[in-house]
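Input: a single structure, listed below in structure tokens.
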Amino acid sequence: MAALGLGAMASMGVVAAYQYGITRRPPEPALPALDAEAVDASGEAYQLLRTPDAALGLVNYAVTLVLVGMGDRRRSTARPHGPNVHAPQGVHDPAAAPVLNPPPGTKHRKLCSWCLAAAAASVAMVPTALPEARAALRTLRGRVA
């Protein structure tokens, strides 16, 4: 799961480099549906807290990585609270994807490939977080009984 979180951060890093003016344009495949430059420079990309949305994405994925890194392989039984805190964050990440990746029929009619890659990584994290959260919940229920 950490690899997926780091991949999502790398994607957001490319967008952030563009949004902060470090790069002139984000590299992107020449496909008709893609235009990261238009999407990531739009007013919507700076709407929340009046800051580049990629910076917010980086903070979000950093929190996810901290939660993923808490404890060792036995954490679902030794420290079951960690996985149960991580599970909601793991579900939050892909739930935010439609906000960051509006359908092509919206205002810009284009998509950002880097944002799509981060969203795909977010969705891929869910199946890896849920089994551990279930095991941790079973541990917690056993301690209460």
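Going by the structure tokens order, chains are called A, B, ..., each with residues numbered from 1, while ligands are numbered from 1 in the order shown.
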
Sel. of alpha helix (DSSP H) residues, chain A, as a PyMOL selection string: chain A and resi 2-19+36-40+53-69+75-78+81-100+113-144

Contacts of Ala120 (chain A) within 10 Å, only C-alpha atoms, excl. fewer than 6 positions in-chain, as an MDAnalysis selection string: chainID A and resid 4 7:8 94 97 114

Exercise: region 33-40 of chain A partners within 9 Å, only C-alpha atoms, chain neighbours under 4 positions left out, as a PyMOL selection string: chain A and resi 15-16+18-19+25-29+44-46+52-54+104+108-115

Next, write the just-selected residues to a file, as an mmCIF file, in the first residue's frame, keeping C-alpha atoms as the atom set.
data_model
loop_
_atom_site.group_PDB
_atom_site.id
_atom_site.type_symbol
_atom_site.label_atom_id
_atom_site.label_comp_id
_atom_site.auth_asym_id
_atom_site.auth_seq_id
_atom_site.Cartn_x
_atom_site.Cartn_y
_atom_site.Cartn_z
ATOM 1 C CA VAL A 15 1.040 18.626 -10.896
ATOM 2 C CA ALA A 16 2.361 20.671 -7.964
ATOM 3 C CA TYR A 18 3.385 22.923 -12.631
ATOM 4 C CA GLN A 19 0.997 24.737 -10.286
ATOM 5 C CA ARG A 25 3.847 22.609 -18.444
ATOM 6 C CA PRO A 26 3.099 19.155 -17.111
ATOM 7 C CA PRO A 27 4.313 16.370 -19.395
ATOM 8 C CA GLU A 28 1.368 14.437 -20.765
ATOM 9 C CA PRO A 29 0.585 12.000 -23.579
ATOM 10 C CA GLU A 44 -11.270 25.185 -9.712
ATOM 11 C CA ALA A 45 -7.765 23.839 -9.068
ATOM 12 C CA TYR A 46 -7.185 26.699 -6.603
ATOM 13 C CA PRO A 52 -3.078 24.610 -5.487
ATOM 14 C CA ASP A 53 -5.092 21.422 -5.178
ATOM 15 C CA ALA A 54 -1.990 19.295 -5.779
ATOM 16 C CA PRO A 104 -14.983 15.001 -19.271
ATOM 17 C CA HIS A 108 -12.963 21.865 -19.392
ATOM 18 C CA ARG A 109 -14.011 18.693 -21.206
ATOM 19 C CA LYS A 110 -10.490 17.415 -20.559
ATOM 20 C CA LEU A 111 -8.754 15.298 -17.951
ATOM 21 C CA CYS A 112 -5.389 15.398 -16.211
ATOM 22 C CA SER A 113 -3.462 12.141 -16.675
ATOM 23 C CA TRP A 114 -1.481 12.730 -13.477
ATOM 24 C CA CYS A 115 -4.672 13.244 -11.478
#

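Nearest residue to Ala129 (chain A) among A:Gly21, A:Gly43, A:Gly13, A:Gly5 is A:Gly5, counting only C-alpha atoms.
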